[in-house]
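Text of start_0.cif (mmCIF, C-alpha atoms) as supplied:
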data_input
#
loop_
_atom_site.group_PDB
_atom_site.id
_atom_site.type_symbol
_atom_site.label_atom_id
_atom_site.label_comp_id
_atom_site.auth_asym_id
_atom_site.auth_seq_id
_atom_site.Cartn_x
_atom_site.Cartn_y
_atom_site.Cartn_z
ATOM 1 C CA MET F 1397 -27.982 -44.718 -59.683
ATOM 2 C CA LYS F 1398 -28.270 -44.058 -55.995
ATOM 3 C CA LEU F 1399 -26.510 -40.953 -54.741
ATOM 4 C CA LYS F 1400 -24.815 -41.099 -51.355
ATOM 5 C CA LYS F 1401 -25.915 -38.388 -48.979
ATOM 6 C CA ASP F 1402 -23.151 -36.595 -47.219
ATOM 7 C CA HIS F 1403 -24.068 -36.651 -43.516
ATOM 8 C CA ALA F 1404 -22.486 -33.657 -41.741
ATOM 9 C CA ASP F 1405 -21.639 -34.149 -38.076
ATOM 10 C CA PRO F 1406 -24.204 -32.105 -36.129
ATOM 11 C CA GLU F 1407 -21.981 -31.639 -33.029
ATOM 12 C CA ILE F 1408 -19.957 -28.538 -32.299
ATOM 13 C CA PRO F 1409 -16.241 -29.386 -32.412
ATOM 14 C CA THR F 1410 -14.941 -28.938 -28.863
ATOM 15 C CA SER F 1411 -11.577 -30.647 -29.156
ATOM 16 C CA SER F 1412 -9.701 -27.311 -29.293
ATOM 17 C CA MET F 1413 -11.606 -25.855 -26.330
ATOM 18 C CA ALA F 1414 -9.028 -27.052 -23.795
ATOM 19 C CA ASP F 1415 -6.179 -25.590 -25.867
ATOM 20 C CA ILE F 1416 -7.873 -22.185 -25.988
ATOM 21 C CA ALA F 1417 -8.640 -22.362 -22.265
ATOM 22 C CA PHE F 1418 -5.047 -23.196 -21.375
ATOM 23 C CA LEU F 1419 -3.764 -20.361 -23.541
ATOM 24 C CA LEU F 1420 -6.042 -17.997 -21.610
ATOM 25 C CA ILE F 1421 -4.805 -19.436 -18.308
ATOM 26 C CA ILE F 1422 -1.197 -18.860 -19.326
ATOM 27 C CA TYR F 1423 -2.055 -15.267 -20.297
ATOM 28 C CA PHE F 1424 -3.672 -14.551 -16.923
ATOM 29 C CA MET F 1425 -0.870 -16.286 -14.988
ATOM 30 C CA VAL F 1426 1.766 -14.210 -16.748
ATOM 31 C CA THR F 1427 -0.044 -10.893 -16.427
ATOM 32 C CA THR F 1428 -1.283 -11.340 -12.841
ATOM 33 C CA THR F 1429 0.680 -9.388 -10.273
ATOM 34 C CA PHE F 1430 -0.153 -9.684 -6.636
ATOM 35 C CA ALA F 1431 -0.137 -6.025 -5.777
ATOM 36 C CA ALA F 1432 0.653 -4.778 -2.278
ATOM 37 C CA THR F 1433 -2.624 -3.187 -1.256
ATOM 38 C CA ARG F 1434 -2.063 -2.537 2.414
ATOM 39 C CA GLY F 1435 -0.414 0.198 4.358
ATOM 40 C CA LEU F 1436 -0.473 2.521 7.337
ATOM 41 C CA ASP F 1437 -3.165 5.158 7.196
ATOM 42 C CA PHE F 1438 -2.256 8.681 8.117
ATOM 43 C CA SER F 1439 -5.037 11.260 8.485
ATOM 44 C CA LEU F 1440 -4.089 14.781 7.564
ATOM 45 C CA PRO F 1441 -5.341 17.743 9.563
ATOM 46 C CA GLN F 1442 -8.199 19.609 7.929
ATOM 47 C CA GLU F 1443 -7.942 23.371 8.086
ATOM 48 C CA ASP F 1444 -11.681 23.917 8.421
ATOM 49 C CA LYS F 1445 -11.683 21.931 11.674
ATOM 50 C CA GLU F 1446 -10.361 23.493 14.841
ATOM 51 C CA GLN F 1447 -6.695 22.530 15.180
ATOM 52 C CA PRO F 1448 -4.975 23.477 18.414
ATOM 53 C CA LEU F 1449 -1.516 24.846 17.810
ATOM 54 C CA VAL F 1450 1.012 22.594 19.499
ATOM 55 C CA GLU F 1451 3.931 24.222 21.234
ATOM 56 C CA LYS F 1452 7.009 22.120 20.730
ATOM 57 C CA GLU F 1453 7.946 22.543 24.393
ATOM 58 C CA GLU F 1454 4.801 20.770 25.626
ATOM 59 C CA ALA F 1455 4.954 17.947 23.080
ATOM 60 C CA VAL F 1456 7.126 14.856 22.971
ATOM 61 C CA LEU F 1457 9.510 15.447 20.116
ATOM 62 C CA ILE F 1458 10.881 12.368 18.367
ATOM 63 C CA GLU F 1459 13.706 13.380 16.093
ATOM 64 C CA ILE F 1460 14.876 10.728 13.651
ATOM 65 C CA GLN F 1461 18.415 11.118 12.427
ATOM 66 C CA PRO F 1462 19.997 9.384 9.422
ATOM 67 C CA GLY F 1463 20.657 5.717 10.121
ATOM 68 C CA GLY F 1464 17.637 5.503 12.421
ATOM 69 C CA VAL F 1465 19.202 7.219 15.430
ATOM 70 C CA LEU F 1466 16.330 8.392 17.630
ATOM 71 C CA MET F 1467 16.421 11.423 19.894
ATOM 72 C CA VAL F 1468 13.308 11.572 22.058
ATOM 73 C CA ASP F 1469 13.164 14.910 23.910
ATOM 74 C CA GLN F 1470 16.899 15.283 23.227
ATOM 75 C CA LYS F 1471 17.633 11.858 24.748
ATOM 76 C CA ARG F 1472 19.039 8.959 22.742
ATOM 77 C CA MET F 1473 16.539 6.102 22.681
ATOM 78 C CA GLU F 1474 15.888 2.777 20.958
ATOM 79 C CA ILE F 1475 12.656 2.341 19.034
ATOM 80 C CA GLY F 1476 11.417 -0.311 21.477
ATOM 81 C CA ASP F 1477 11.708 2.099 24.422
ATOM 82 C CA ILE F 1478 9.592 4.936 23.011
ATOM 83 C CA LEU F 1479 6.239 3.622 24.198
ATOM 84 C CA GLU F 1480 7.498 2.962 27.735
ATOM 85 C CA TYR F 1481 8.763 6.541 27.786
ATOM 86 C CA LEU F 1482 5.394 7.843 26.545
ATOM 87 C CA LYS F 1483 3.261 5.747 28.910
ATOM 88 C CA PRO F 1484 3.453 7.929 32.080
ATOM 89 C CA LYS F 1485 3.016 11.084 30.009
ATOM 90 C CA LEU F 1486 -0.078 9.675 28.300
ATOM 91 C CA GLU F 1487 -1.504 8.520 31.632
ATOM 92 C CA ARG F 1488 -1.327 12.105 32.883
ATOM 93 C CA ASN F 1489 -2.560 13.594 29.618
ATOM 94 C CA ALA F 1490 -4.250 11.327 27.078
ATOM 95 C CA MET F 1491 -4.022 14.092 24.462
ATOM 96 C CA LYS F 1492 -0.278 14.539 24.892
ATOM 97 C CA PRO F 1493 1.012 15.658 21.491
ATOM 98 C CA VAL F 1494 3.705 13.517 19.910
ATOM 99 C CA ILE F 1495 5.676 15.056 17.085
ATOM 100 C CA ILE F 1496 7.677 12.865 14.722
ATOM 101 C CA ARG F 1497 10.368 14.834 13.007
ATOM 102 C CA PRO F 1498 12.652 12.996 10.592
ATOM 103 C CA LEU F 1499 15.629 15.019 9.421
ATOM 104 C CA GLU F 1500 15.983 15.750 5.716
ATOM 105 C CA ALA F 1501 18.598 13.065 5.067
ATOM 106 C CA THR F 1502 16.905 10.390 7.198
ATOM 107 C CA GLU F 1503 15.750 7.359 5.265
ATOM 108 C CA TYR F 1504 11.944 7.249 4.915
ATOM 109 C CA GLY F 1505 11.800 3.659 6.254
ATOM 110 C CA TYR F 1506 12.825 4.819 9.749
ATOM 111 C CA MET F 1507 9.977 7.347 9.867
ATOM 112 C CA VAL F 1508 7.504 4.589 8.943
ATOM 113 C CA ALA F 1509 8.991 2.298 11.610
ATOM 114 C CA VAL F 1510 8.548 4.941 14.335
ATOM 115 C CA PHE F 1511 5.023 5.797 13.173
ATOM 116 C CA ASP F 1512 4.149 2.081 13.125
ATOM 117 C CA GLU F 1513 5.472 1.684 16.675
ATOM 118 C CA ILE F 1514 3.441 4.642 17.960
ATOM 119 C CA ARG F 1515 0.288 3.423 16.247
ATOM 120 C CA GLN F 1516 0.637 0.155 18.171
ATOM 121 C CA ALA F 1517 0.568 1.916 21.538
ATOM 122 C CA LYS F 1518 -2.901 0.608 22.391
ATOM 123 C CA ASP F 1519 -1.797 -3.006 21.930
ATOM 124 C CA LYS F 1520 1.569 -2.623 23.628
ATOM 125 C CA ILE F 1521 0.957 -0.231 26.551
ATOM 126 C CA GLY F 1522 -2.832 -0.073 26.641
ATOM 127 C CA ILE F 1523 -3.126 3.641 25.825
ATOM 128 C CA GLU F 1524 -3.708 5.049 22.381
ATOM 129 C CA VAL F 1525 -1.555 7.937 21.202
ATOM 130 C CA LYS F 1526 -4.308 10.194 19.872
ATOM 131 C CA ASN F 1527 -2.321 13.243 18.969
ATOM 132 C CA VAL F 1528 0.483 12.333 16.546
ATOM 133 C CA SER F 1529 1.752 14.827 14.040
ATOM 134 C CA ILE F 1530 4.416 14.668 11.371
ATOM 135 C CA PRO F 1531 4.999 18.306 10.481
ATOM 136 C CA THR F 1532 6.556 19.087 7.134
ATOM 137 C CA GLN F 1533 9.598 21.309 6.782
ATOM 138 C CA ARG F 1534 7.414 24.158 5.516
ATOM 139 C CA GLU F 1535 5.172 23.928 8.582
ATOM 140 C CA ILE F 1536 8.170 23.822 10.907
ATOM 141 C CA GLU F 1537 9.570 26.966 9.317
ATOM 142 C CA MET F 1538 6.168 28.683 9.453
ATOM 143 C CA PHE F 1539 5.185 27.856 13.030
ATOM 144 C CA TRP F 1540 8.332 27.080 14.997
ATOM 145 C CA TYR F 1541 10.701 29.823 14.061
ATOM 146 C CA MET J 528 -16.008 -74.316 -25.116
ATOM 147 C CA ARG J 529 -15.178 -71.013 -26.630
ATOM 148 C CA ILE J 530 -13.669 -68.542 -24.240
ATOM 149 C CA LYS J 531 -14.871 -65.038 -24.631
ATOM 150 C CA PRO J 532 -12.173 -62.536 -25.424
ATOM 151 C CA ARG J 533 -11.259 -60.302 -22.507
ATOM 152 C CA SER J 534 -13.049 -57.012 -22.408
ATOM 153 C CA THR J 535 -10.610 -54.417 -23.579
ATOM 154 C CA GLN J 536 -10.410 -51.334 -21.396
ATOM 155 C CA ASN J 537 -9.963 -47.920 -22.927
ATOM 156 C CA GLN J 538 -6.336 -46.919 -22.400
ATOM 157 C CA GLY J 539 -6.806 -43.168 -22.952
ATOM 158 C CA ILE J 540 -6.707 -40.593 -20.149
ATOM 159 C CA PRO J 541 -10.172 -39.147 -19.676
ATOM 160 C CA THR J 542 -9.939 -35.558 -20.861
ATOM 161 C CA ALA J 543 -13.600 -34.660 -20.987
ATOM 162 C CA SER J 544 -13.406 -32.587 -17.812
ATOM 163 C CA MET J 545 -10.154 -30.833 -18.818
ATOM 164 C CA ALA J 546 -11.973 -27.857 -20.350
ATOM 165 C CA ASP J 547 -14.144 -27.465 -17.242
ATOM 166 C CA ILE J 548 -11.073 -27.353 -14.978
ATOM 167 C CA ALA J 549 -9.341 -24.954 -17.320
ATOM 168 C CA PHE J 550 -12.328 -22.610 -17.413
ATOM 169 C CA LEU J 551 -12.577 -22.676 -13.623
ATOM 170 C CA LEU J 552 -8.922 -21.605 -13.466
ATOM 171 C CA ILE J 553 -9.601 -18.849 -16.001
ATOM 172 C CA ILE J 554 -12.518 -17.562 -13.906
ATOM 173 C CA PHE J 555 -10.260 -17.569 -10.807
ATOM 174 C CA PHE J 556 -7.556 -15.527 -12.540
ATOM 175 C CA MET J 557 -10.089 -13.139 -14.081
ATOM 176 C CA VAL J 558 -11.653 -12.472 -10.678
ATOM 177 C CA THR J 559 -8.375 -12.053 -8.801
ATOM 178 C CA ILE J 560 -6.479 -10.043 -11.390
ATOM 179 C CA SER J 561 -5.899 -6.434 -10.441
ATOM 180 C CA PHE J 562 -4.336 -4.056 -12.860
ATOM 181 C CA GLU J 563 -1.745 -2.036 -11.003
ATOM 182 C CA VAL J 564 -1.867 1.628 -11.882
ATOM 183 C CA ASP J 565 1.711 2.073 -10.735
ATOM 184 C CA LYS J 566 4.380 -0.447 -11.597
ATOM 185 C CA THR J 567 7.327 1.463 -10.140
ATOM 186 C CA THR J 568 9.777 -0.886 -8.454
ATOM 187 C CA VAL J 569 10.498 0.237 -4.918
ATOM 188 C CA THR J 570 11.625 -1.458 -1.706
ATOM 189 C CA LEU J 571 8.699 -0.857 0.603
ATOM 190 C CA PRO J 572 9.173 -0.310 4.336
ATOM 191 C CA LYS J 573 7.923 -3.097 6.607
ATOM 192 C CA THR J 574 5.250 -2.486 9.228
ATOM 193 C CA ASP J 575 3.312 -4.561 11.747
ATOM 194 C CA LEU J 576 0.109 -2.618 11.218
ATOM 195 C CA ARG J 577 -1.316 -2.708 7.715
ATOM 196 C CA PHE J 578 -4.762 -1.618 6.685
ATOM 197 C CA GLU J 579 -6.581 -2.377 3.465
ATOM 198 C CA ILE J 580 -6.255 0.446 0.958
ATOM 199 C CA PRO J 581 -9.529 1.449 -0.701
ATOM 200 C CA LYS J 582 -9.824 0.663 -4.388
ATOM 201 C CA LYS J 583 -9.352 3.509 -6.875
ATOM 202 C CA ALA J 584 -7.058 5.415 -4.518
ATOM 203 C CA ALA J 585 -4.678 7.905 -6.106
ATOM 204 C CA TYR J 586 -1.033 6.777 -6.174
ATOM 205 C CA ILE J 587 2.150 8.747 -5.707
ATOM 206 C CA SER J 588 5.379 6.776 -5.950
ATOM 207 C CA VAL J 589 8.827 7.989 -4.968
ATOM 208 C CA THR J 590 11.842 5.954 -5.995
ATOM 209 C CA GLU J 591 15.129 5.732 -4.097
ATOM 210 C CA SER J 592 16.586 8.457 -6.328
ATOM 211 C CA GLY J 593 13.611 10.750 -5.662
ATOM 212 C CA GLN J 594 11.785 10.322 -8.968
ATOM 213 C CA ILE J 595 8.064 10.863 -8.563
ATOM 214 C CA ARG J 596 5.184 9.290 -10.495
ATOM 215 C CA VAL J 597 1.501 10.031 -9.984
ATOM 216 C CA SER J 598 -1.759 8.352 -10.883
ATOM 217 C CA SER J 599 -5.310 9.309 -10.020
ATOM 218 C CA GLY J 600 -6.119 5.622 -9.683
ATOM 219 C CA GLU J 601 -7.886 5.418 -13.002
ATOM 220 C CA GLU J 602 -4.942 5.295 -15.379
ATOM 221 C CA ILE J 603 -1.295 4.222 -15.471
ATOM 222 C CA SER J 604 1.041 6.489 -13.488
ATOM 223 C CA VAL J 605 3.018 9.228 -15.207
ATOM 224 C CA PRO J 606 6.310 10.794 -14.107
ATOM 225 C CA VAL J 607 6.287 14.359 -12.790
ATOM 226 C CA PRO J 608 9.357 16.600 -12.561
ATOM 227 C CA GLY J 609 8.918 17.718 -8.954
ATOM 228 C CA PRO J 610 6.750 18.279 -5.857
ATOM 229 C CA GLU J 611 5.154 21.419 -7.364
ATOM 230 C CA GLU J 612 3.495 19.234 -9.976
ATOM 231 C CA VAL J 613 2.382 16.862 -7.214
ATOM 232 C CA LEU J 614 0.517 19.793 -5.655
ATOM 233 C CA SER J 615 -1.308 20.654 -8.881
ATOM 234 C CA PHE J 616 -2.039 16.953 -9.495
ATOM 235 C CA ALA J 617 -3.349 16.439 -5.931
ATOM 236 C CA ALA J 618 -5.413 19.633 -6.050
ATOM 237 C CA GLY J 619 -7.085 18.376 -9.225
ATOM 238 C CA VAL J 620 -7.806 14.974 -7.682
ATOM 239 C CA VAL J 621 -9.206 16.505 -4.457
ATOM 240 C CA ALA J 622 -11.333 18.952 -6.462
ATOM 241 C CA ALA J 623 -12.903 16.016 -8.306
ATOM 242 C CA ASP J 624 -13.364 13.915 -5.143
ATOM 243 C CA PRO J 625 -12.585 15.570 -1.782
ATOM 244 C CA SER J 626 -12.501 12.259 0.129
ATOM 245 C CA LYS J 627 -10.179 10.507 -2.328
ATOM 246 C CA PRO J 628 -7.469 8.587 -0.451
ATOM 247 C CA PHE J 629 -3.859 8.914 -1.556
ATOM 248 C CA VAL J 630 -1.335 6.109 -1.457
ATOM 249 C CA LEU J 631 2.282 7.009 -0.910
ATOM 250 C CA LYS J 632 4.457 4.284 -2.385
ATOM 251 C CA ALA J 633 7.929 5.385 -1.404
ATOM 252 C CA ASP J 634 11.203 3.487 -1.260
ATOM 253 C CA LYS J 635 12.324 2.869 2.310
ATOM 254 C CA ASN J 636 15.794 4.212 1.512
ATOM 255 C CA VAL J 637 14.711 7.500 -0.072
ATOM 256 C CA PRO J 638 15.889 10.555 1.892
ATOM 257 C CA TYR J 639 12.947 11.944 3.843
ATOM 258 C CA ARG J 640 13.152 15.387 2.212
ATOM 259 C CA TYR J 641 11.583 13.954 -0.971
ATOM 260 C CA VAL J 642 8.712 12.396 0.980
ATOM 261 C CA ASP J 643 8.356 15.564 3.077
ATOM 262 C CA ARG J 644 7.711 17.646 -0.017
ATOM 263 C CA VAL J 645 5.133 15.169 -1.316
ATOM 264 C CA ILE J 646 3.303 15.090 2.049
ATOM 265 C CA ASP J 647 3.452 18.879 2.161
ATOM 266 C CA ALA J 648 1.923 19.078 -1.313
ATOM 267 C CA LEU J 649 -0.868 16.726 -0.219
ATOM 268 C CA LYS J 650 -1.504 18.807 2.914
ATOM 269 C CA GLN J 651 -1.699 21.960 0.836
ATOM 270 C CA ALA J 652 -4.059 20.244 -1.587
ATOM 271 C CA LYS J 653 -6.284 19.426 1.443
ATOM 272 C CA ALA J 654 -6.092 15.659 1.012
ATOM 273 C CA GLU J 655 -7.868 13.851 3.850
ATOM 274 C CA VAL J 656 -5.928 10.640 4.253
ATOM 275 C CA ILE J 657 -2.675 9.158 3.035
ATOM 276 C CA TYR J 658 -1.840 5.476 3.128
ATOM 277 C CA LEU J 659 1.841 4.733 3.535
ATOM 278 C CA LEU J 660 2.191 1.579 1.447
ATOM 279 C CA SER J 661 4.107 -1.090 3.309
ATOM 280 C CA GLU J 662 4.995 -4.739 3.329
ATOM 281 C CA GLN J 663 4.008 -7.164 6.014
ATOM 282 C CA GLU J 664 6.420 -7.511 8.925
ATOM 283 C CA THR J 665 4.677 -10.092 11.087
ATOM 284 C CA VAL J 666 0.905 -10.315 11.282
ATOM 285 C CA ASP J 667 -1.802 -8.283 9.604
ATOM 286 C CA ALA J 668 -4.037 -6.106 11.699
ATOM 287 C CA PRO J 669 -7.762 -6.268 11.071
ATOM 288 C CA ALA J 670 -8.839 -3.511 8.729
ATOM 289 C CA THR J 671 -10.768 -0.670 10.303
#
Starting from the file, give its structure as structure tokens.
Amino acid sequence: MKLKKDHADPEIPTSSMADIAFLLIIYFMVTTTFAATRGLDFSLPQEDKEQPLVEKEEAVLIEIQPGGVLMVDQKRMEIGDILEYLKPKLERNAMKPVIIRPLEATEYGYMVAVFDEIRQAKDKIGIEVKNVSIPTQREIEMFWY
Amino acid sequence: MRIKPRSTQNQGIPTASMADIAFLLIIFFMVTISFEVDKTTVTLPKTDLRFEIPKKAAYISVTESGQIRVSSGEEISVPVPGPEEVLSFAAGVVAADPSKPFVLKADKNVPYRYVDRVIDALKQAKAEVIYLLSEQETVDAPAT
């Protein structure tokens, strides 16, 4: 009697490959989050470097009140007018200090908006504001009073 | 004369390349995926200028109600009770890497006093640079 040989298929079964691949795709699509990875950089003063002490009288003081009300050197101003106000001062003194001082109850977004506007000085008025500071409440209490 | 039967065309959709396409998509997602160290939901302020934040930066998030979470950039963020803990956290991060950038992810509606205390803690910890995380307003500026 002749015995039949059982011929096993020598190929690797790949029919489920696409299913596995699509499952992986779905996993990555669900878990992927497009993170916000951009922002405004803000260099902090280093104490070991020489930092001139800025008198508030000789600096341009931008006070930001709650609701985004801006007082620039005690004068009410719109955000779009700040750079035009700074331009002649910066032409006379390129290192003119600009102090941004948001009040405690002011919403953080208004401080960022003002800082963003000042950082764009080079594009908008052709002069860079080199000396911007955002003193903290502790620093104000230590140095101003 | 005997007419030959018409050649029958295969009706199936060709699926041989399906796996290749799928694997290409997998590679795309694997390359682009970035695991966020901080998943706090905040409404970010909008700015015109936005610069690329270096990878592995330390994160400090402040929600609208003033709740603070911190992450050194290596692990998922953890809540901290107040700005004093931010100072000890930041001092530890700066001690390990003095040039480590910090990312401040604060809600645009949070009262500034909360942000002020965080910035003050970072100044005291001698951090070099802070990135104020923002959303795009109009056009992106080239990264410097």
Contact set, chain F to chain J: 8 Å, all atoms listed in the file, as JSON, numbers by chain
{"F": [1413, 1414, 1417, 1418, 1420, 1421, 1424, 1425, 1428, 1429, 1430, 1431, 1432, 1433, 1434, 1435, 1436, 1437, 1438, 1439, 1440, 1441, 1442, 1443, 1498, 1499, 1500, 1501, 1502, 1503, 1504, 1505, 1506, 1508, 1509, 1512, 1515, 1516, 1532, 1533, 1534]}
Here's the selection I'm unsure about, the PyMOL selection byres ((chain F and resi 1468-1476) around 7); applied to the file above, which residues does it give, as a ChimeraX atom specification?
/F:1456-1459,1466-1467,1477-1478,1510
Between J:Thr568, J:Lys627, J:Glu664, J:Val597, which has the minimum distance to Leu614 in chain J (counting all atoms listed in the file)?
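Answer, going by the shortest atom-to-atom distance: J:Val597.
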Reference answer for the PyMOL selection byres ((chain F and resi 1523) around 10), as a PyMOL selection string:
chain F and resi 1479+1482-1483+1486-1487+1490+1516-1522+1524-1526
Counting all atoms listed in the file, the option among J:Ile540, J:Ala652, J:Val607, J:Ile595 closest to Ala623 in chain J
J:Ala652
